[in-house]
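Trainee: To start, I am sharing the structure in question, which I have written as structure tokens.
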Amino acid sequence: MKARGAWFRRIVLGVALVYFLVPLASLADFSVRFPLTGKVDLVAWQALFGGGESDKLSLLREGLTNSLIMAVMAIVISLGLLLPTMVLVRLRLPRMSKVVEFVCLLPLTIPAVVLVVGLAPVYLVISTKILDSNTIWLAFAYVILCLPYVYRALDSGLRAIDLKTLSETARSFGASWPTVLLRVLVPNLRSALVSSVFVTLAVVLGEFTFARMLARTNLQTALFEINLSDGQIAAAVSLLVLGGTVLLMVALDLLVALQERRIRPSTRSDVS
Amino acid sequence: MTGSVTSAAVTLSHLTRTFGKVKALDDFSLDLAAGELVALLGPSGCGKTTALRALAGLEGIDSGTVVVGGRDVTRLPANRRDMAMVFQSYSLFPHLTVEGNIEFALGLRKVPSRERAAVVAHNLELVGLGGHGDRYPHQLSGGQQQRVALARALAVRPQVLLLDEPLSALDAKVRVQLRDEIRRIQTEVGITTLFVTHDQEEALVVADRIGVMESGRLVQVGDPREIYSRPATPFVADFIGTTNALDGHAVDGVAHVLGQRVPLLPGSPTGPVSVLIRPESITLRPAADGHGRVVTTGFMGATSRVTVALADGTLVLVQLRGSSPDGLLPGEHVALELAGVPALARRVRA
């Protein structure tokens with residue numbers, strides 16, 4: 001039975017890997033094969049790393065920079081907004097928790113295209129009256145997009161700790177609310193925070209609809225533009241971004257695992 | 001850092017707090033002298049924890065005042081009240097070591113960092129956990145975690161120490177051990193302490209004075225002996241220790257029970273009453289024409305417990321000194337002798 005279970009697991013893993021890796025391999029293949037002749041050439045990669053400058057590259061650089069800045073902004077805003085709110089609701093207004101949950105999960109039910117129709121007039125005001133038409137202000141809209149995922153991650157993190165006792169203990173020792181939040185709760189919510197960061201990063205780097213429909217340049221719209229004229233470069237960049245994101249997430253995950261192991265080793269020492 | 005603690009007297013005056021329709025605190029007043037350990041005792045839901053949390057500033061009150069060391073702190077938030085608390089659930093910060101936990105609290109109280117190590121070491125020694133400083137909370141047993149929580153609370157030298165059922169999550173043996181230690185340390189350090197518990201034995205052993213609470217009200221405050229031997233109300237008599245309720249008739253401060261006279265405590269009614277008599281205030285004598293029959297006997301080491309069924313079916317618990325109730329076997333007829341210790345009576349319920 002046990003051996004059969006192991007085999008079954010391997011088969012499932014194999015199928016999943018094939019499912020994910022075949023498109024990636026095809027992408028890699030496409031980036032190094034000239035579409036018309038089928039000849040292997042590294043033109044796309046040379047264009048990226050050859051040191052030359054082109055319109056395509058500068059468009060790409062602009063899109064990537066915008067997307068990264070917006071990812072950071074969305075992470076900071078959504079965590080800064082949601083963490084104190086959720087802590088407050090749990091400690092002081094537990095009856096509001098259903099409302100907060102509903103509001104946070106709402107964006108999941110509204111298609112991006114519908115959202116953007118509603119947001120267009122808002123961004124008209126933002127770009128003409130309040131701020132300017134810089135792409136990075138799209139980060140505010142991305143906060144809404146990420147809300148359900150950040151909410152879910154923080155929700156499970158907060159469930160796992162004794163929020164009331166920890167915060168009351170710190171309060172009774174003289175901690176202000178910001179101290180409670182930053183020095184007591186944040187360290188104990190590390191994995192929840194990291195998963196919020198992951199998912200926000202992934203959502204923002206992959207976002208296309210908002211930027212395209214509001215005529216802004218982010219990574220995905222830049223890739224789309226380049227793809228129209230040079231599919232190979234777009235494929236190479238997509239691969240790079242994917243690889244970079246994966247590396248970043250693995251690094252963060254390892255970092256957290258390392259910290260967690262320091263605090264909660266898997267082997268409990270026997271003290272009584 | 002063995003400097004004495006600046007203990008403060010505490011006055012809670014006329015505190016009221018309602019949750020919906022429930023009065024958790026109903027005109028609750030209590031004084032604690034500096035350095036005194038007062039235990040608040042009562043069944044769950046009687047408001048004892050609310051009283052402690054009101055003193056800590058963790059729970060708002062509808063009316064009343066809280067004065068600590070002569071200063072009115074009623075409106076101060078918890079973080080500015082100079083108190084320290086040990087909770088029922090384990091409250092150590094999981095991401096910090098034992099040392100880190102204590103240092104964190106010291107940092108919040110602005111203790112200079114060069115002094116912290118010595119304070120940490122001293123207080124860990126005090127609770128018998130010297131050398132455990134580099135452990136994380138999950139590496140400690142429940143009893144050790146509560147010791148660290150106690151060390152952390154003492155380290156900041158608060159004006160008042162608040163203990164909210166700190167022993168109730170621990171197993172029996174550790175509970176007794178730590179209970180005695182809390183008393184030792186509290187006496188040694190001389191810190192004003194409010195100890196909330198639902199365990200009467202804990203309160204009797206640990207406290208200088210006990211306040212017994214019922215439905216948000218303080219029904220009696222006194223030293224443990226007084227509370228035990230001179231309960232002010234039937235509720236206190238019932239809640240502290242074990243009592244037998246024996247039917248009798250009260251006239252002029254004396255009840256006639258089983259043909260014997262029992263002096264009554266003030267506050268007892270007259271007429272047909274139930275007299276609340278402690279198991280140790282009764283002795284047994286074998287007698288064929290006695291009041292009842294032995295139902296069970298139980299050997300408890302220094303004492304023995306005997307249950308006697310009276311003719312009307314009432315069961316009476318008797319606690320006898322000595323290791324064996326000589327010759328008393330189930331089924332045997334016995335006479336009950338009431339030692340004449342003053343007891344409280346309550347009106348017979350219709």
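Ordered as shown in the structure tokens, chains take letters A, B, and onward, while each chain numbers its residues from 1 and ligands are numbered from 1 in the order shown.
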Need to verify the contact set: A:Ala202, 8 Å, only C-alpha atoms, exclusion of same-chain residues closer than 4 positions in sequence. Can you return it as number ranges by chain?
Mentor: A: 198, 206, 245
Trainee: Given the selection you just returned, output its residues as a file containing C-alpha atoms, formatted as a PDB file, in the first residue's frame.
Mentor:
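Printed below is selection_22.pdb as written:
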ATOM      1  CA  PHE A 198       4.309  36.888  -2.602  1.00  0.00           C
ATOM      2  CA  GLY A 206       1.104  39.890 -13.964  1.00  0.00           C
ATOM      3  CA  THR A 245       9.989  36.094  -9.506  1.00  0.00           C
TER       4      THR A 245
END
Trainee: Skipping near chain neighbours, those fewer than 5 positions away, what residues fall within 9 Å of A:Met213 using only C-alpha atoms, listed as a list in words?
Mentor: Val113, Val116, Val117, Ala120 and Phe208 of chain A
Trainee: Hey, what's within 10 Å of A:Met249 if we count only C-alpha atoms and toss same-chain stuff fewer than 5 positions away? As a PDB file with N, CA and C atoms, in the first residue's frame, please?
Mentor:
ATOM      1  N   VAL A 194       4.724  37.255   4.655  1.00  0.00           N
ATOM      2  CA  VAL A 194       5.496  36.878   3.467  1.00  0.00           C
ATOM      3  C   VAL A 194       4.573  36.349   2.378  1.00  0.00           C
ATOM      4  N   SER A 195       3.561  35.572   2.771  1.00  0.00           N
ATOM      5  CA  SER A 195       2.694  35.086   1.701  1.00  0.00           C
ATOM      6  C   SER A 195       1.864  36.219   1.112  1.00  0.00           C
ATOM      7  N   VAL A 197       3.021  39.203   0.685  1.00  0.00           N
ATOM      8  CA  VAL A 197       3.974  39.853  -0.211  1.00  0.00           C
ATOM      9  C   VAL A 197       4.089  39.072  -1.524  1.00  0.00           C
ATOM     10  N   PHE A 198       4.209  37.745  -1.411  1.00  0.00           N
ATOM     11  CA  PHE A 198       4.309  36.888  -2.602  1.00  0.00           C
ATOM     12  C   PHE A 198       3.163  37.144  -3.546  1.00  0.00           C
ATOM     13  N   VAL A 199       1.974  37.053  -2.986  1.00  0.00           N
ATOM     14  CA  VAL A 199       0.803  37.075  -3.840  1.00  0.00           C
ATOM     15  C   VAL A 199       0.610  38.478  -4.440  1.00  0.00           C
ATOM     16  N   LEU A 201       2.999  40.592  -5.113  1.00  0.00           N
ATOM     17  CA  LEU A 201       4.033  40.681  -6.140  1.00  0.00           C
ATOM     18  C   LEU A 201       3.572  39.991  -7.423  1.00  0.00           C
ATOM     19  N   ALA A 202       3.046  38.787  -7.259  1.00  0.00           N
ATOM     20  CA  ALA A 202       2.614  38.014  -8.421  1.00  0.00           C
ATOM     21  C   ALA A 202       1.464  38.711  -9.146  1.00  0.00           C
ATOM     22  N   GLY A 243      11.454  33.635 -14.058  1.00  0.00           N
ATOM     23  CA  GLY A 243      12.580  33.084 -13.295  1.00  0.00           C
ATOM     24  C   GLY A 243      12.924  33.974 -12.119  1.00  0.00           C
ATOM     25  N   GLY A 244      12.970  35.287 -12.390  1.00  0.00           N
ATOM     26  CA  GLY A 244      13.318  36.245 -11.335  1.00  0.00           C
ATOM     27  C   GLY A 244      12.328  36.179 -10.188  1.00  0.00           C
ATOM     28  N   LEU A 254      12.966  30.781   1.914  1.00  0.00           N
ATOM     29  CA  LEU A 254      14.092  30.195   2.650  1.00  0.00           C
ATOM     30  C   LEU A 254      14.427  31.035   3.869  1.00  0.00           C
ATOM     31  N   LEU A 255      14.411  32.331   3.666  1.00  0.00           N
ATOM     32  CA  LEU A 255      14.732  33.256   4.749  1.00  0.00           C
ATOM     33  C   LEU A 255      13.777  33.063   5.920  1.00  0.00           C
TER      34      LEU A 255
END
Trainee: If you run DSSP on the backbone, which residues of stretch 53-267 of chain A are alpha helix (DSSP H), as a PyMOL selection string?
Mentor: chain A and resi 55-91+97-109+112-125+138-160+163-172+177-179+186-188+190-206+209-213+219-229+231-263
Trainee: Find the residues around B:Arg116 up to 12 Å (only C-alpha atoms counted), leave out those fewer than 6 positions away in its own chain, and share them as number ranges by chain.
Mentor: B: 1, 99-110, 122-123, 152, 155-156
Trainee: Those selected residues, please, written with N, CA and C atoms and delivered as an mmCIF file, in the first residue's frame.
Mentor:
data_model
loop_
_atom_site.group_PDB
_atom_site.id
_atom_site.type_symbol
_atom_site.label_atom_id
_atom_site.label_comp_id
_atom_site.auth_asym_id
_atom_site.auth_seq_id
_atom_site.Cartn_x
_atom_site.Cartn_y
_atom_site.Cartn_z
ATOM 1 N N MET B 1 20.454 43.870 40.827
ATOM 2 C CA MET B 1 19.199 44.631 40.899
ATOM 3 C C MET B 1 18.231 43.952 41.856
ATOM 4 N N GLU B 99 15.112 35.227 27.893
ATOM 5 C CA GLU B 99 15.801 36.500 28.155
ATOM 6 C C GLU B 99 15.190 37.630 27.344
ATOM 7 N N GLY B 100 14.953 37.323 26.063
ATOM 8 C CA GLY B 100 14.398 38.328 25.162
ATOM 9 C C GLY B 100 13.056 38.835 25.655
ATOM 10 N N ASN B 101 12.240 37.919 26.170
ATOM 11 C CA ASN B 101 10.939 38.296 26.703
ATOM 12 C C ASN B 101 11.074 39.298 27.840
ATOM 13 N N ILE B 102 11.990 38.989 28.760
ATOM 14 C CA ILE B 102 12.133 39.872 29.924
ATOM 15 C C ILE B 102 12.762 41.197 29.500
ATOM 16 N N GLU B 103 13.757 41.106 28.605
ATOM 17 C CA GLU B 103 14.411 42.338 28.147
ATOM 18 C C GLU B 103 13.447 43.245 27.395
ATOM 19 N N PHE B 104 12.567 42.625 26.625
ATOM 20 C CA PHE B 104 11.576 43.403 25.877
ATOM 21 C C PHE B 104 10.727 44.238 26.845
ATOM 22 N N ALA B 105 10.273 43.562 27.922
ATOM 23 C CA ALA B 105 9.456 44.275 28.915
ATOM 24 C C ALA B 105 10.267 45.380 29.591
ATOM 25 N N LEU B 106 11.549 45.070 29.873
ATOM 26 C CA LEU B 106 12.400 46.084 30.518
ATOM 27 C C LEU B 106 12.602 47.284 29.597
ATOM 28 N N GLY B 107 12.764 46.987 28.306
ATOM 29 C CA GLY B 107 12.941 48.052 27.322
ATOM 30 C C GLY B 107 11.726 48.964 27.278
ATOM 31 N N LEU B 108 10.539 48.342 27.352
ATOM 32 C CA LEU B 108 9.313 49.148 27.338
ATOM 33 C C LEU B 108 9.247 50.059 28.560
ATOM 34 N N ARG B 109 9.844 49.588 29.657
ATOM 35 C CA ARG B 109 9.840 50.407 30.887
ATOM 36 C C ARG B 109 11.070 51.302 30.985
ATOM 37 N N LYS B 110 11.792 51.399 29.869
ATOM 38 C CA LYS B 110 12.937 52.312 29.770
ATOM 39 C C LYS B 110 14.061 52.001 30.769
ATOM 40 N N HIS B 122 18.705 38.044 37.719
ATOM 41 C CA HIS B 122 18.189 38.037 39.090
ATOM 42 C C HIS B 122 16.778 37.451 39.139
ATOM 43 N N ASN B 123 15.921 37.908 38.206
ATOM 44 C CA ASN B 123 14.530 37.463 38.264
ATOM 45 C C ASN B 123 14.348 36.023 37.814
ATOM 46 N N ARG B 152 9.095 37.897 34.318
ATOM 47 C CA ARG B 152 8.991 39.064 33.448
ATOM 48 C C ARG B 152 8.171 40.166 34.124
ATOM 49 N N ALA B 155 10.203 41.637 36.967
ATOM 50 C CA ALA B 155 11.418 42.337 36.534
ATOM 51 C C ALA B 155 11.171 43.819 36.307
ATOM 52 N N VAL B 156 9.985 44.166 35.843
ATOM 53 C CA VAL B 156 9.742 45.578 35.540
ATOM 54 C C VAL B 156 9.394 46.372 36.797
#
Trainee: Please compute the atom CA of A:Ser78-atom CA of A:Trp137 distance, one decimal, in Å.
Mentor: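 Atom CA of A:Ser78 sits 13.9 Å away from atom CA of A:Trp137.
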Trainee: Go through A:Ala25, A:Val12, A:Leu60, A:Val186 one by one, measure the shortest atom-to-atom distance of each to chain B using only C-alpha atoms, and give the residue with the smallest value.
Mentor: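 Of A:Ala25, A:Val12, A:Leu60, A:Val186, the one nearest chain B is A:Val186, counting only C-alpha atoms.
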Trainee: Could you please write out, as a ChimeraX atom specification, every residue of stretch 79-217 of chain B that DSSP assigns to strand (DSSP E)?
Mentor: /B:83-86,160-164,192-197,209-214,217
Trainee: Once you count only C-alpha atoms, which residues of chain B turn out to be within 9 Å of chain A? Could you give them as a PDB file with N, CA and C atoms, in the first residue's frame?
Mentor:
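Result written to result_12.pdb:
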ATOM      1  N   ALA B  56      -6.251  46.860  35.559  1.00  0.00           N
ATOM      2  CA  ALA B  56      -5.143  46.881  34.592  1.00  0.00           C
ATOM      3  C   ALA B  56      -5.348  47.937  33.514  1.00  0.00           C
ATOM      4  N   GLY B  57      -6.595  48.345  33.321  1.00  0.00           N
ATOM      5  CA  GLY B  57      -6.875  49.290  32.242  1.00  0.00           C
ATOM      6  C   GLY B  57      -7.196  48.597  30.935  1.00  0.00           C
ATOM      7  N   LEU B  58      -7.352  47.279  30.988  1.00  0.00           N
ATOM      8  CA  LEU B  58      -7.650  46.531  29.764  1.00  0.00           C
ATOM      9  C   LEU B  58      -9.148  46.472  29.502  1.00  0.00           C
ATOM     10  N   PRO B  77      -4.757  54.792  29.862  1.00  0.00           N
ATOM     11  CA  PRO B  77      -4.752  53.520  29.138  1.00  0.00           C
ATOM     12  C   PRO B  77      -3.816  52.511  29.820  1.00  0.00           C
ATOM     13  N   ALA B  78      -3.995  51.247  29.481  1.00  0.00           N
ATOM     14  CA  ALA B  78      -3.256  50.173  30.146  1.00  0.00           C
ATOM     15  C   ALA B  78      -1.741  50.384  30.121  1.00  0.00           C
ATOM     16  N   ASN B  79      -1.232  50.914  28.999  1.00  0.00           N
ATOM     17  CA  ASN B  79       0.226  51.000  28.869  1.00  0.00           C
ATOM     18  C   ASN B  79       0.835  52.114  29.722  1.00  0.00           C
ATOM     19  N   ARG B  80      -0.010  52.904  30.393  1.00  0.00           N
ATOM     20  CA  ARG B  80       0.560  53.964  31.235  1.00  0.00           C
ATOM     21  C   ARG B  80       0.213  53.778  32.706  1.00  0.00           C
ATOM     22  N   ARG B  81      -0.123  52.528  33.087  1.00  0.00           N
ATOM     23  CA  ARG B  81      -0.572  52.331  34.471  1.00  0.00           C
ATOM     24  C   ARG B  81       0.488  51.720  35.379  1.00  0.00           C
ATOM     25  N   ASP B  82       1.640  51.385  34.873  1.00  0.00           N
ATOM     26  CA  ASP B  82       2.712  50.816  35.688  1.00  0.00           C
ATOM     27  C   ASP B  82       2.273  49.558  36.443  1.00  0.00           C
ATOM     28  N   MET B  83       1.718  48.624  35.689  1.00  0.00           N
ATOM     29  CA  MET B  83       1.356  47.344  36.293  1.00  0.00           C
ATOM     30  C   MET B  83       1.961  46.249  35.433  1.00  0.00           C
ATOM     31  N   ALA B  84       1.921  45.037  35.939  1.00  0.00           N
ATOM     32  CA  ALA B  84       2.362  43.912  35.113  1.00  0.00           C
ATOM     33  C   ALA B  84       1.427  42.763  35.392  1.00  0.00           C
ATOM     34  N   MET B  85       1.222  41.974  34.364  1.00  0.00           N
ATOM     35  CA  MET B  85       0.158  40.980  34.461  1.00  0.00           C
ATOM     36  C   MET B  85       0.667  39.606  34.050  1.00  0.00           C
ATOM     37  N   VAL B  86       0.194  38.591  34.740  1.00  0.00           N
ATOM     38  CA  VAL B  86       0.430  37.211  34.309  1.00  0.00           C
ATOM     39  C   VAL B  86      -0.940  36.639  33.962  1.00  0.00           C
ATOM     40  N   PHE B  87      -1.048  36.117  32.747  1.00  0.00           N
ATOM     41  CA  PHE B  87      -2.343  35.671  32.256  1.00  0.00           C
ATOM     42  C   PHE B  87      -2.542  34.181  32.481  1.00  0.00           C
ATOM     43  N   SER B  89      -3.686  32.085  30.044  1.00  0.00           N
ATOM     44  CA  SER B  89      -3.067  31.422  28.898  1.00  0.00           C
ATOM     45  C   SER B  89      -1.616  31.894  28.819  1.00  0.00           C
ATOM     46  N   TYR B  90      -0.794  31.058  28.224  1.00  0.00           N
ATOM     47  CA  TYR B  90       0.630  31.387  28.174  1.00  0.00           C
ATOM     48  C   TYR B  90       0.822  32.651  27.356  1.00  0.00           C
ATOM     49  N   SER B  91       1.514  33.615  27.929  1.00  0.00           N
ATOM     50  CA  SER B  91       1.548  34.931  27.306  1.00  0.00           C
ATOM     51  C   SER B  91       2.959  35.353  26.912  1.00  0.00           C
ATOM     52  N   LEU B  92       3.902  34.396  26.894  1.00  0.00           N
ATOM     53  CA  LEU B  92       5.263  34.767  26.476  1.00  0.00           C
ATOM     54  C   LEU B  92       5.244  35.057  24.983  1.00  0.00           C
ATOM     55  N   PHE B  93       6.079  35.999  24.555  1.00  0.00           N
ATOM     56  CA  PHE B  93       6.146  36.303  23.129  1.00  0.00           C
ATOM     57  C   PHE B  93       6.899  35.159  22.443  1.00  0.00           C
ATOM     58  N   PRO B  94       6.232  34.447  21.531  1.00  0.00           N
ATOM     59  CA  PRO B  94       6.819  33.215  20.990  1.00  0.00           C
ATOM     60  C   PRO B  94       8.096  33.457  20.193  1.00  0.00           C
ATOM     61  N   HIS B  95       8.276  34.686  19.667  1.00  0.00           N
ATOM     62  CA  HIS B  95       9.437  34.929  18.805  1.00  0.00           C
ATOM     63  C   HIS B  95      10.655  35.344  19.606  1.00  0.00           C
ATOM     64  N   LEU B  96      10.537  35.453  20.915  1.00  0.00           N
ATOM     65  CA  LEU B  96      11.679  35.874  21.732  1.00  0.00           C
ATOM     66  C   LEU B  96      12.060  34.772  22.711  1.00  0.00           C
ATOM     67  N   THR B  97      13.349  34.728  23.049  1.00  0.00           N
ATOM     68  CA  THR B  97      13.796  33.766  24.058  1.00  0.00           C
ATOM     69  C   THR B  97      13.291  34.224  25.422  1.00  0.00           C
ATOM     70  N   ALA B 105      10.273  43.562  27.922  1.00  0.00           N
ATOM     71  CA  ALA B 105       9.456  44.275  28.915  1.00  0.00           C
ATOM     72  C   ALA B 105      10.267  45.380  29.591  1.00  0.00           C
ATOM     73  N   LEU B 106      11.549  45.070  29.873  1.00  0.00           N
ATOM     74  CA  LEU B 106      12.400  46.084  30.518  1.00  0.00           C
ATOM     75  C   LEU B 106      12.602  47.284  29.597  1.00  0.00           C
ATOM     76  N   LEU B 108      10.539  48.342  27.352  1.00  0.00           N
ATOM     77  CA  LEU B 108       9.313  49.148  27.338  1.00  0.00           C
ATOM     78  C   LEU B 108       9.247  50.059  28.560  1.00  0.00           C
ATOM     79  N   ARG B 109       9.844  49.588  29.657  1.00  0.00           N
ATOM     80  CA  ARG B 109       9.840  50.407  30.887  1.00  0.00           C
ATOM     81  C   ARG B 109      11.070  51.302  30.985  1.00  0.00           C
ATOM     82  N   TYR B 136      13.546  29.120  23.975  1.00  0.00           N
ATOM     83  CA  TYR B 136      12.331  29.738  23.439  1.00  0.00           C
ATOM     84  C   TYR B 136      11.128  29.188  24.201  1.00  0.00           C
ATOM     85  N   PRO B 137      10.039  29.962  24.259  1.00  0.00           N
ATOM     86  CA  PRO B 137       8.875  29.519  25.041  1.00  0.00           C
ATOM     87  C   PRO B 137       8.429  28.096  24.721  1.00  0.00           C
ATOM     88  N   HIS B 138       8.441  27.717  23.434  1.00  0.00           N
ATOM     89  CA  HIS B 138       7.953  26.379  23.085  1.00  0.00           C
ATOM     90  C   HIS B 138       8.843  25.278  23.632  1.00  0.00           C
ATOM     91  N   GLN B 139      10.041  25.656  24.079  1.00  0.00           N
ATOM     92  CA  GLN B 139      10.946  24.647  24.636  1.00  0.00           C
ATOM     93  C   GLN B 139      10.736  24.462  26.137  1.00  0.00           C
ATOM     94  N   LEU B 140       9.765  25.186  26.684  1.00  0.00           N
ATOM     95  CA  LEU B 140       9.521  25.105  28.117  1.00  0.00           C
ATOM     96  C   LEU B 140       8.187  24.425  28.384  1.00  0.00           C
ATOM     97  N   SER B 141       8.081  23.817  29.570  1.00  0.00           N
ATOM     98  CA  SER B 141       6.789  23.247  29.967  1.00  0.00           C
ATOM     99  C   SER B 141       5.858  24.382  30.376  1.00  0.00           C
ATOM    100  N   GLY B 142       4.578  24.055  30.545  1.00  0.00           N
ATOM    101  CA  GLY B 142       3.602  25.067  30.944  1.00  0.00           C
ATOM    102  C   GLY B 142       3.992  25.758  32.245  1.00  0.00           C
ATOM    103  N   GLY B 143       4.423  24.958  33.209  1.00  0.00           N
ATOM    104  CA  GLY B 143       4.814  25.519  34.499  1.00  0.00           C
ATOM    105  C   GLY B 143       5.989  26.471  34.361  1.00  0.00           C
ATOM    106  N   GLN B 144       6.962  26.077  33.532  1.00  0.00           N
ATOM    107  CA  GLN B 144       8.127  26.946  33.326  1.00  0.00           C
ATOM    108  C   GLN B 144       7.731  28.238  32.619  1.00  0.00           C
ATOM    109  N   ALA B 153       7.088  39.726  34.776  1.00  0.00           N
ATOM    110  CA  ALA B 153       6.225  40.703  35.445  1.00  0.00           C
ATOM    111  C   ALA B 153       6.951  41.351  36.620  1.00  0.00           C
ATOM    112  N   VAL B 156       9.985  44.166  35.843  1.00  0.00           N
ATOM    113  CA  VAL B 156       9.742  45.578  35.540  1.00  0.00           C
ATOM    114  C   VAL B 156       9.394  46.372  36.797  1.00  0.00           C
ATOM    115  N   PRO B 158       6.723  46.596  38.838  1.00  0.00           N
ATOM    116  CA  PRO B 158       5.493  47.374  38.710  1.00  0.00           C
ATOM    117  C   PRO B 158       4.982  47.792  40.089  1.00  0.00           C
TER     118      PRO B 158
END
